[in-house]
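J.: Before we start, here is the structure in question, set down as structure tokens.
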Amino acid sequence: MDKKKLRNDIILIASLILVAVIALVCVLSSRQKNNKYAKVYFQNELIETIDLSKKEEKDYPVDAFIGDRHVEMMIHTKDGAIHVSKSNCPHQDCVNMGYVSVSNKPIICTYNQVYIIIEGKANYDLEI
Amino acid sequence: MKVQKMALLGVLTAGAIVIAILESFIPSIGIPGVKLGLANIIILVILYELGILEAIVVNLLRVLVVGLLRGTFLSMGFLMSLTGAILSLGIMILFYLLIKKFSIVGVSVIGSIFHVAGQILIAMLFLGTAYIFLYLPVIALSAIITGIFVGIMAHLIIKTGIIKKQREKYNF
């Protein structure tokens, strides 16, 4: 290999690494100020969007009817995680899920036809 | 085409296929289907020693046969390899022909990056999300490292003169 080509190679590789590292830093820094949202669906309709990035402690009641049956749930957020604290369903699976803060773990209550999904730019977990 | 050249190309194609299949046993980082591209060693050697058209044919054949052997023919993984192979060989030919300022290592690195870029493009189209693009910096860094490795390997193979000897012996 002659020296000029070697020098060009080094310039090319160094600049490519530089671009990749800058892009990586951008991606990682956008991950820190991630904007996570919890979306609460009732009968496939979005009824509430909760901003989890604020990390505040708050209660969101769900009050609805399926026919004559009353749906009563209490959704609680704390430290960027979401949790069903109260539900009038028989199995209480949604309550037993505990606090969830990742997007690939939806909270689903089939009896009340409510599901909660976390969405966020950096919190995207790819599973195929 | 001379029979000797045909035989040599057949052997090289088989080598590329074997490398690609062995490589498929290495688990991919992050995204399914994104590979290191070690078969590129053979493609680079063919590009430098035997010609552009031969490199294109061997590369496409490799993707096709590996797809058939692994049972991923026309699946997402197959289309990812195909796009990666076409893009990477395209840019490598461009760098090899038009911009004769880089050695085989530089050509290999740029090809490696376009290989993963092509794969990510198809993954984006298939999964319908742009978030996969966030993986590109990490994968590009690993592609640069493997690109350097592949380039050096191809350089060493060419340096042995094993193909040149055949070419001179049988005059193709």
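Residue numbers start at 1 in each chain; chains themselves are named A, B, ... in the order of the structure tokens; ligands are numbered from 1 in the order shown.
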Per residue of chain A within 6 Å of chain B, what are the shortest atom pair and its distance in Å to one decimal, counting only C-alpha atoms, with rows by chain and residue number, as a tab-separated table?

T.:
```
residue	atom	partner	partner_atom	distance
A:Lys5	CA	B:Phe102	CA	5.0
A:Asn8	CA	B:Phe102	CA	6.0
A:Asp9	CA	B:Gly106	CA	4.9
A:Ala20	CA	B:Pro137	CA	4.8
A:Ala23	CA	B:Pro137	CA	5.9
A:Leu24	CA	B:Pro137	CA	5.3
```

J.: Keeping only N, CA and C atoms, take the residues you just selected and write them out as a tab-separated table (two decimals), in the first residue's frame.

T.:
```tsv
chain	number	residue	atom	x	y	z
A	5	LYS	N	-2.40	6.59	-0.19
A	5	LYS	CA	-3.67	5.86	-0.01
A	5	LYS	C	-3.90	5.56	1.45
A	8	ASN	N	-5.15	8.62	3.10
A	8	ASN	CA	-6.56	8.82	2.76
A	8	ASN	C	-7.46	7.87	3.53
A	9	ASP	N	-7.00	6.63	3.66
A	9	ASP	CA	-7.77	5.64	4.42
A	9	ASP	C	-7.98	6.10	5.84
A	20	ALA	N	-19.97	8.78	13.44
A	20	ALA	CA	-20.72	7.76	14.18
A	20	ALA	C	-20.76	8.10	15.66
A	23	ALA	N	-23.14	10.97	16.26
A	23	ALA	CA	-24.52	10.49	16.17
A	23	ALA	C	-24.89	9.69	17.41
A	24	LEU	N	-23.94	8.90	17.89
A	24	LEU	CA	-24.19	8.07	19.08
A	24	LEU	C	-24.45	8.95	20.29
```

J.: Excluding same-chain residues fewer than 3 positions from Met74 of chain A, what lies within 7 Å of it counting only C-alpha atoms, as a list in words?

T.: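 Everything that qualifies: Asp59, Tyr60, Pro61, Val62, Val84, Ser85, Lys86 and Ser87 of chain A.
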
J.: Could you jot down the atom CA of Val25 of chain A to atom CA of Val116 of chain B separation for me, Å, one decimal place?

T.: 19.4 Å

J.: What separation in Å, quoted to one decimal, exists between atom CA of Ile10 of chain A and atom CA of Ser29 of chain A?

T.: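 Distance between the two atoms: 28.0 Å.
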
J.: Using only C-alpha atoms, which of A:Pro106, A:Ile118, A:Asp93, A:Gln113 sits nearest Glu45 of chain A?

T.: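 Checking each candidate against Glu45 of chain A, we get A:Gln113 as the closest.
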
J.: Excluding Tyr37 of chain A and residues on its chain fewer than 2 positions from it, collect all residues at most 9 Å away from it, counting only C-alpha atoms, and give them as JSON, numbers by chain.

T.: {"A": [35, 39, 49, 50, 51, 52, 53, 117, 118, 119, 120]}

J.: Atoms to include: C-alpha atoms. Write the selected residues as a short mmCIF file (atom, residue, chain, number, x, y, z; two decimals), in the first residue's frame.

T.:
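Final output, result_35.cif:
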```
data_model
loop_
_atom_site.label_atom_id
_atom_site.label_comp_id
_atom_site.auth_asym_id
_atom_site.auth_seq_id
_atom_site.Cartn_x
_atom_site.Cartn_y
_atom_site.Cartn_z
CA ASN A 35 -40.44 11.60 26.76
CA LYS A 39 -51.61 5.64 26.95
CA THR A 49 -52.43 10.14 27.81
CA ILE A 50 -50.20 10.45 30.85
CA ASP A 51 -46.80 12.11 30.66
CA LEU A 52 -44.42 9.94 32.65
CA SER A 53 -41.29 12.04 32.13
CA ILE A 117 -49.22 0.98 26.96
CA ILE A 118 -46.10 3.00 27.51
CA GLU A 119 -44.77 4.79 24.47
CA GLY A 120 -41.64 6.80 24.21
#
```

J.: Can you tell me how far atom CA of Val102 of chain A sits from atom CA of Asp79 of chain A, in Å to one decimal?

T.: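 Atom CA of Asp79 of chain A lies 12.6 Å from atom CA of Val102 of chain A.
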
J.: Please provide the set of residues having any atom within 7 Å of Gly111 of chain B, restricted to only C-alpha atoms, with same-chain residues fewer than 2 positions apart removed, written as a PyMOL selection string.

T.: chain B and resi 88-89+91-92+107-109+113-115

J.: Any idea what's packed within 12 Å of segment 81-86 of chain B, counting only C-alpha atoms, ignoring anything in its chain fewer than 2 positions away? Could you give it as a ChimeraX atom specification?

T.: /B:20,24,32-40,43-44,55-67,72-79,88-93,111-123,125

J.: Keeping only N, CA and C atoms, take the residues you just selected and write them out as a compact mmCIF listing (two decimals), in the first residue's frame.

T.:
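Output file again-v1.txt is given in full below:
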```
# COMPACT_ATOMS: atom_id res chain seq x y z
N ALA B 20 -20.51 -16.97 4.75
CA ALA B 20 -21.77 -16.30 5.11
C ALA B 20 -22.60 -17.19 6.03
N SER B 24 -23.63 -16.66 9.97
CA SER B 24 -25.02 -16.56 10.42
C SER B 24 -25.22 -17.24 11.77
N PRO B 32 -32.14 -8.14 14.38
CA PRO B 32 -31.99 -9.43 13.72
C PRO B 32 -31.60 -9.24 12.26
N GLY B 33 -30.62 -10.00 11.82
CA GLY B 33 -30.25 -9.95 10.41
C GLY B 33 -29.04 -9.10 10.12
N VAL B 34 -28.63 -8.25 11.04
CA VAL B 34 -27.46 -7.43 10.80
C VAL B 34 -26.21 -8.24 11.10
N LYS B 35 -25.39 -8.40 10.07
CA LYS B 35 -24.24 -9.29 10.19
C LYS B 35 -22.94 -8.52 9.96
N LEU B 36 -21.86 -9.19 10.23
CA LEU B 36 -20.56 -8.54 10.10
C LEU B 36 -20.14 -8.38 8.65
N GLY B 37 -20.55 -9.30 7.79
CA GLY B 37 -20.18 -9.19 6.37
C GLY B 37 -18.80 -9.71 6.07
N LEU B 38 -18.44 -10.83 6.68
CA LEU B 38 -17.11 -11.39 6.45
C LEU B 38 -16.97 -11.97 5.04
N ALA B 39 -18.11 -12.32 4.43
CA ALA B 39 -18.06 -12.83 3.06
C ALA B 39 -17.55 -11.77 2.10
N ASN B 40 -17.54 -10.54 2.59
CA ASN B 40 -17.05 -9.43 1.79
C ASN B 40 -15.57 -9.59 1.43
N ILE B 43 -15.58 -11.17 -1.87
CA ILE B 43 -16.09 -10.26 -2.89
C ILE B 43 -15.03 -9.20 -3.23
N LEU B 44 -14.35 -8.70 -2.21
CA LEU B 44 -13.30 -7.70 -2.44
C LEU B 44 -12.16 -8.28 -3.28
N ALA B 55 -17.55 -9.86 -9.66
CA ALA B 55 -17.88 -9.58 -8.27
C ALA B 55 -19.38 -9.44 -8.08
N ILE B 56 -20.05 -8.75 -9.03
CA ILE B 56 -21.50 -8.57 -8.91
C ILE B 56 -22.20 -9.92 -8.96
N VAL B 57 -21.82 -10.75 -9.94
CA VAL B 57 -22.48 -12.04 -10.11
C VAL B 57 -22.28 -12.92 -8.88
N VAL B 58 -21.02 -13.00 -8.40
CA VAL B 58 -20.74 -13.85 -7.23
C VAL B 58 -21.49 -13.35 -6.01
N ASN B 59 -21.55 -12.03 -5.84
CA ASN B 59 -22.23 -11.47 -4.68
C ASN B 59 -23.72 -11.80 -4.69
N LEU B 60 -24.37 -11.63 -5.85
CA LEU B 60 -25.80 -11.91 -5.94
C LEU B 60 -26.06 -13.41 -5.75
N LEU B 61 -25.18 -14.23 -6.35
CA LEU B 61 -25.32 -15.68 -6.20
C LEU B 61 -25.20 -16.09 -4.74
N ARG B 62 -24.24 -15.47 -4.07
CA ARG B 62 -24.02 -15.78 -2.65
C ARG B 62 -25.30 -15.50 -1.85
N VAL B 63 -25.87 -14.30 -2.05
CA VAL B 63 -27.08 -13.94 -1.30
C VAL B 63 -28.21 -14.93 -1.59
N LEU B 64 -28.35 -15.25 -2.88
CA LEU B 64 -29.43 -16.16 -3.29
C LEU B 64 -29.25 -17.54 -2.67
N VAL B 65 -28.04 -18.11 -2.79
CA VAL B 65 -27.81 -19.48 -2.31
C VAL B 65 -27.89 -19.53 -0.78
N VAL B 66 -27.34 -18.52 -0.12
CA VAL B 66 -27.41 -18.51 1.35
C VAL B 66 -28.87 -18.41 1.79
N GLY B 67 -29.65 -17.61 1.09
CA GLY B 67 -31.08 -17.50 1.40
C GLY B 67 -31.78 -18.84 1.25
N THR B 72 -34.35 -18.74 4.34
CA THR B 72 -34.87 -17.39 4.57
C THR B 72 -35.20 -16.70 3.26
N PHE B 73 -35.28 -17.49 2.18
CA PHE B 73 -35.49 -16.91 0.86
C PHE B 73 -36.76 -16.06 0.82
N LEU B 74 -36.60 -14.82 0.34
CA LEU B 74 -37.67 -13.82 0.21
C LEU B 74 -38.26 -13.37 1.55
N SER B 75 -37.61 -13.73 2.65
CA SER B 75 -38.09 -13.21 3.93
C SER B 75 -37.45 -11.85 4.17
N MET B 76 -37.76 -11.28 5.31
CA MET B 76 -37.20 -9.97 5.63
C MET B 76 -35.68 -10.02 5.71
N GLY B 77 -35.17 -11.09 6.34
CA GLY B 77 -33.71 -11.22 6.47
C GLY B 77 -33.04 -11.32 5.12
N PHE B 78 -33.68 -12.04 4.19
CA PHE B 78 -33.12 -12.19 2.85
C PHE B 78 -33.08 -10.85 2.13
N LEU B 79 -34.17 -10.11 2.21
CA LEU B 79 -34.20 -8.82 1.53
C LEU B 79 -33.21 -7.85 2.15
N SER B 88 -23.66 -2.19 -0.77
CA SER B 88 -22.26 -2.18 -0.39
C SER B 88 -21.37 -2.41 -1.60
N LEU B 89 -21.75 -3.34 -2.48
CA LEU B 89 -20.92 -3.58 -3.67
C LEU B 89 -20.96 -2.38 -4.60
N GLY B 90 -22.14 -1.75 -4.69
CA GLY B 90 -22.28 -0.56 -5.52
C GLY B 90 -21.31 0.53 -5.11
N ILE B 91 -21.31 0.82 -3.81
CA ILE B 91 -20.44 1.91 -3.33
C ILE B 91 -18.98 1.50 -3.43
N MET B 92 -18.71 0.19 -3.25
CA MET B 92 -17.31 -0.26 -3.35
C MET B 92 -16.80 -0.14 -4.77
N ILE B 93 -17.66 -0.48 -5.75
CA ILE B 93 -17.25 -0.33 -7.15
C ILE B 93 -17.00 1.13 -7.47
N GLY B 111 -17.80 0.06 2.16
CA GLY B 111 -18.74 -0.99 1.77
C GLY B 111 -19.45 -1.57 2.98
N SER B 112 -18.69 -1.76 4.05
CA SER B 112 -19.26 -2.34 5.27
C SER B 112 -20.34 -1.44 5.85
N ILE B 113 -20.08 -0.13 5.84
CA ILE B 113 -21.06 0.82 6.38
C ILE B 113 -22.32 0.82 5.53
N PHE B 114 -22.15 0.81 4.21
CA PHE B 114 -23.33 0.80 3.35
C PHE B 114 -24.08 -0.52 3.45
N HIS B 115 -23.37 -1.58 3.78
CA HIS B 115 -24.02 -2.87 3.99
C HIS B 115 -25.02 -2.79 5.13
N VAL B 116 -24.58 -2.29 6.28
CA VAL B 116 -25.50 -2.19 7.42
C VAL B 116 -26.56 -1.13 7.18
N ALA B 117 -26.19 -0.05 6.47
CA ALA B 117 -27.17 1.00 6.19
C ALA B 117 -28.31 0.45 5.34
N GLY B 118 -27.96 -0.37 4.35
CA GLY B 118 -28.98 -0.99 3.51
C GLY B 118 -29.88 -1.92 4.30
N GLN B 119 -29.26 -2.68 5.20
CA GLN B 119 -30.05 -3.60 6.02
C GLN B 119 -31.02 -2.84 6.91
N ILE B 120 -30.54 -1.75 7.50
CA ILE B 120 -31.39 -0.98 8.40
C ILE B 120 -32.53 -0.33 7.62
N LEU B 121 -32.22 0.11 6.41
CA LEU B 121 -33.25 0.71 5.56
C LEU B 121 -34.40 -0.27 5.34
N ILE B 122 -34.07 -1.53 5.01
CA ILE B 122 -35.11 -2.52 4.76
C ILE B 122 -35.85 -2.83 6.06
N ALA B 123 -35.12 -2.94 7.17
CA ALA B 123 -35.77 -3.20 8.45
C ALA B 123 -36.74 -2.08 8.78
N LEU B 125 -38.35 -0.17 6.59
CA LEU B 125 -39.50 -0.29 5.71
C LEU B 125 -40.44 -1.41 6.19
```

J.: I need the residue nearest Ala16 of chain B from this list: B:Ile42, B:Leu69, B:Val3, B:Thr146. Use only C-alpha atoms for the distance.

T.: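 Result for the nearest residue to Ala16 of chain B: B:Ile42.
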
J.: Just checking: using only C-alpha atoms, which residue out of A:Ile66, A:Ile75, A:Leu46, A:Ala81 ends up closest to Thr110 of chain A?

T.: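 So, comparing all the options, the nearest one is A:Ile66.
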
J.: Could you go through chain A and tell me which residues DSSP, when run on the backbone, assigns to alpha helix (DSSP H), listing them as a PyMOL selection string?

T.: chain A and resi 3-32+93-96

J.: Export, as a compact mmCIF listing (two decimals), in the first residue's frame, the selected residues with N, CA and C atoms.

T.:
```
# COMPACT_ATOMS: atom_id res chain seq x y z
N LYS A 3 1.76 5.27 0.54
CA LYS A 3 1.51 6.09 1.73
C LYS A 3 0.32 7.03 1.55
N LYS A 4 0.15 7.52 0.34
CA LYS A 4 -0.94 8.48 0.11
C LYS A 4 -2.30 7.82 0.33
N LYS A 5 -2.40 6.59 -0.19
CA LYS A 5 -3.67 5.86 -0.01
C LYS A 5 -3.90 5.56 1.45
N LEU A 6 -2.82 5.20 2.14
CA LEU A 6 -2.93 4.89 3.57
C LEU A 6 -3.42 6.11 4.33
N ARG A 7 -2.86 7.27 3.97
CA ARG A 7 -3.27 8.51 4.64
C ARG A 7 -4.75 8.78 4.36
N ASN A 8 -5.15 8.62 3.10
CA ASN A 8 -6.56 8.82 2.76
C ASN A 8 -7.46 7.87 3.53
N ASP A 9 -7.00 6.63 3.66
CA ASP A 9 -7.77 5.64 4.42
C ASP A 9 -7.98 6.10 5.84
N ILE A 10 -6.88 6.55 6.45
CA ILE A 10 -6.96 6.97 7.85
C ILE A 10 -7.90 8.15 7.99
N ILE A 11 -7.82 9.10 7.06
CA ILE A 11 -8.73 10.26 7.11
C ILE A 11 -10.18 9.79 6.98
N LEU A 12 -10.42 8.90 6.02
CA LEU A 12 -11.78 8.39 5.79
C LEU A 12 -12.32 7.69 7.03
N ILE A 13 -11.52 6.77 7.58
CA ILE A 13 -11.99 5.98 8.72
C ILE A 13 -12.18 6.88 9.94
N ALA A 14 -11.24 7.80 10.16
CA ALA A 14 -11.35 8.69 11.31
C ALA A 14 -12.59 9.56 11.21
N SER A 15 -12.87 10.08 9.99
CA SER A 15 -14.05 10.94 9.87
C SER A 15 -15.33 10.13 10.04
N LEU A 16 -15.32 8.89 9.54
CA LEU A 16 -16.51 8.05 9.71
C LEU A 16 -16.74 7.74 11.18
N ILE A 17 -15.65 7.43 11.90
CA ILE A 17 -15.79 7.15 13.33
C ILE A 17 -16.29 8.39 14.05
N LEU A 18 -15.77 9.55 13.66
CA LEU A 18 -16.19 10.81 14.29
C LEU A 18 -17.69 11.01 14.10
N VAL A 19 -18.17 10.84 12.86
CA VAL A 19 -19.60 11.02 12.57
C VAL A 19 -20.43 10.04 13.39
N ALA A 20 -19.97 8.78 13.44
CA ALA A 20 -20.72 7.76 14.18
C ALA A 20 -20.76 8.10 15.66
N VAL A 21 -19.64 8.56 16.21
CA VAL A 21 -19.60 8.87 17.64
C VAL A 21 -20.50 10.07 17.95
N ILE A 22 -20.46 11.08 17.07
CA ILE A 22 -21.33 12.25 17.28
C ILE A 22 -22.80 11.82 17.25
N ALA A 23 -23.14 10.97 16.26
CA ALA A 23 -24.52 10.49 16.17
C ALA A 23 -24.89 9.69 17.41
N LEU A 24 -23.94 8.90 17.89
CA LEU A 24 -24.19 8.07 19.08
C LEU A 24 -24.45 8.95 20.29
N VAL A 25 -23.64 10.00 20.43
CA VAL A 25 -23.82 10.93 21.56
C VAL A 25 -25.19 11.59 21.47
N CYS A 26 -25.60 11.97 20.25
CA CYS A 26 -26.93 12.58 20.08
C CYS A 26 -28.02 11.61 20.50
N VAL A 27 -27.89 10.36 20.06
CA VAL A 27 -28.91 9.36 20.39
C VAL A 27 -28.97 9.14 21.89
N LEU A 28 -27.78 9.01 22.51
CA LEU A 28 -27.76 8.73 23.95
C LEU A 28 -28.27 9.91 24.75
N SER A 29 -27.95 11.13 24.30
CA SER A 29 -28.42 12.29 25.07
C SER A 29 -29.92 12.46 24.93
N SER A 30 -30.46 12.07 23.77
CA SER A 30 -31.92 12.16 23.62
C SER A 30 -32.60 11.11 24.47
N ARG A 31 -31.84 10.05 24.81
CA ARG A 31 -32.41 9.00 25.64
C ARG A 31 -32.61 9.49 27.08
N GLN A 32 -31.70 10.38 27.52
CA GLN A 32 -31.80 10.82 28.90
C GLN A 32 -33.04 11.68 29.16
N ASP A 93 -55.43 -9.10 38.09
CA ASP A 93 -54.13 -9.26 37.43
C ASP A 93 -53.47 -7.92 37.15
N CYS A 94 -54.30 -6.96 36.79
CA CYS A 94 -53.74 -5.65 36.45
C CYS A 94 -53.11 -4.99 37.68
N VAL A 95 -53.72 -5.21 38.83
CA VAL A 95 -53.17 -4.65 40.07
C VAL A 95 -51.88 -5.38 40.43
N ASN A 96 -51.88 -6.69 40.22
CA ASN A 96 -50.71 -7.49 40.59
C ASN A 96 -49.51 -7.28 39.67
```

J.: According to DSSP computed on the backbone, where in chain A is there strand (DSSP E or B)? Give the residues as an MDAnalysis selection string.

T.: chainID A and resid 36:42 45:51 58:66 69:78 81:87 100 107:109 114:120

J.: Residues of the last selection are to be written out with C-alpha atoms, as a CSV table (one decimal), in the first residue's frame.

T.:
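Wrote it out as part31.csv, contents follow:
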```csv
chain,number,residue,atom,x,y,z
A,36,LYS,CA,-42.4,8.6,27.9
A,37,TYR,CA,-46.1,8.5,27.7
A,38,ALA,CA,-48.5,6.1,29.1
A,39,LYS,CA,-51.6,5.6,27.0
A,40,VAL,CA,-54.7,4.3,28.6
A,41,TYR,CA,-57.2,2.7,26.3
A,42,PHE,CA,-60.8,1.6,27.1
A,45,GLU,CA,-60.3,4.0,22.5
A,46,LEU,CA,-57.7,6.2,23.9
A,47,ILE,CA,-59.1,7.8,27.0
A,48,GLU,CA,-56.0,9.2,28.7
A,49,THR,CA,-52.4,10.1,27.8
A,50,ILE,CA,-50.2,10.5,30.8
A,51,ASP,CA,-46.8,12.1,30.7
A,58,LYS,CA,-50.7,11.4,40.6
A,59,ASP,CA,-54.0,9.4,40.5
A,60,TYR,CA,-56.0,9.0,37.4
A,61,PRO,CA,-59.5,7.5,37.9
A,62,VAL,CA,-61.2,5.5,35.2
A,63,ASP,CA,-64.9,5.6,35.4
A,64,ALA,CA,-66.9,4.0,32.6
A,65,PHE,CA,-69.6,1.5,31.8
A,66,ILE,CA,-69.7,-1.6,29.7
A,69,ARG,CA,-71.6,-2.9,34.4
A,70,HIS,CA,-69.6,-0.3,36.1
A,71,VAL,CA,-65.8,-0.1,35.5
A,72,GLU,CA,-64.0,1.5,38.3
A,73,MET,CA,-60.2,1.7,38.3
A,74,MET,CA,-57.6,3.9,39.8
A,75,ILE,CA,-54.3,4.4,37.9
A,76,HIS,CA,-51.4,5.7,39.9
A,77,THR,CA,-48.1,7.1,38.6
A,78,LYS,CA,-44.9,7.4,40.6
A,81,ALA,CA,-43.7,4.3,36.4
A,82,ILE,CA,-47.4,3.4,36.2
A,83,HIS,CA,-49.5,1.1,38.2
A,84,VAL,CA,-53.1,0.1,38.6
A,85,SER,CA,-53.8,0.7,42.3
A,86,LYS,CA,-57.4,-0.3,42.4
A,87,SER,CA,-59.7,-2.2,40.1
A,100,VAL,CA,-44.4,-0.7,34.9
A,107,ILE,CA,-50.9,-3.6,31.6
A,108,ILE,CA,-54.1,-5.3,30.3
A,109,CYS,CA,-57.3,-5.8,32.1
A,114,VAL,CA,-58.7,-1.5,29.7
A,115,TYR,CA,-55.1,-1.5,28.6
A,116,ILE,CA,-52.2,0.7,29.3
A,117,ILE,CA,-49.2,1.0,27.0
A,118,ILE,CA,-46.1,3.0,27.5
A,119,GLU,CA,-44.8,4.8,24.5
A,120,GLY,CA,-41.6,6.8,24.2
```
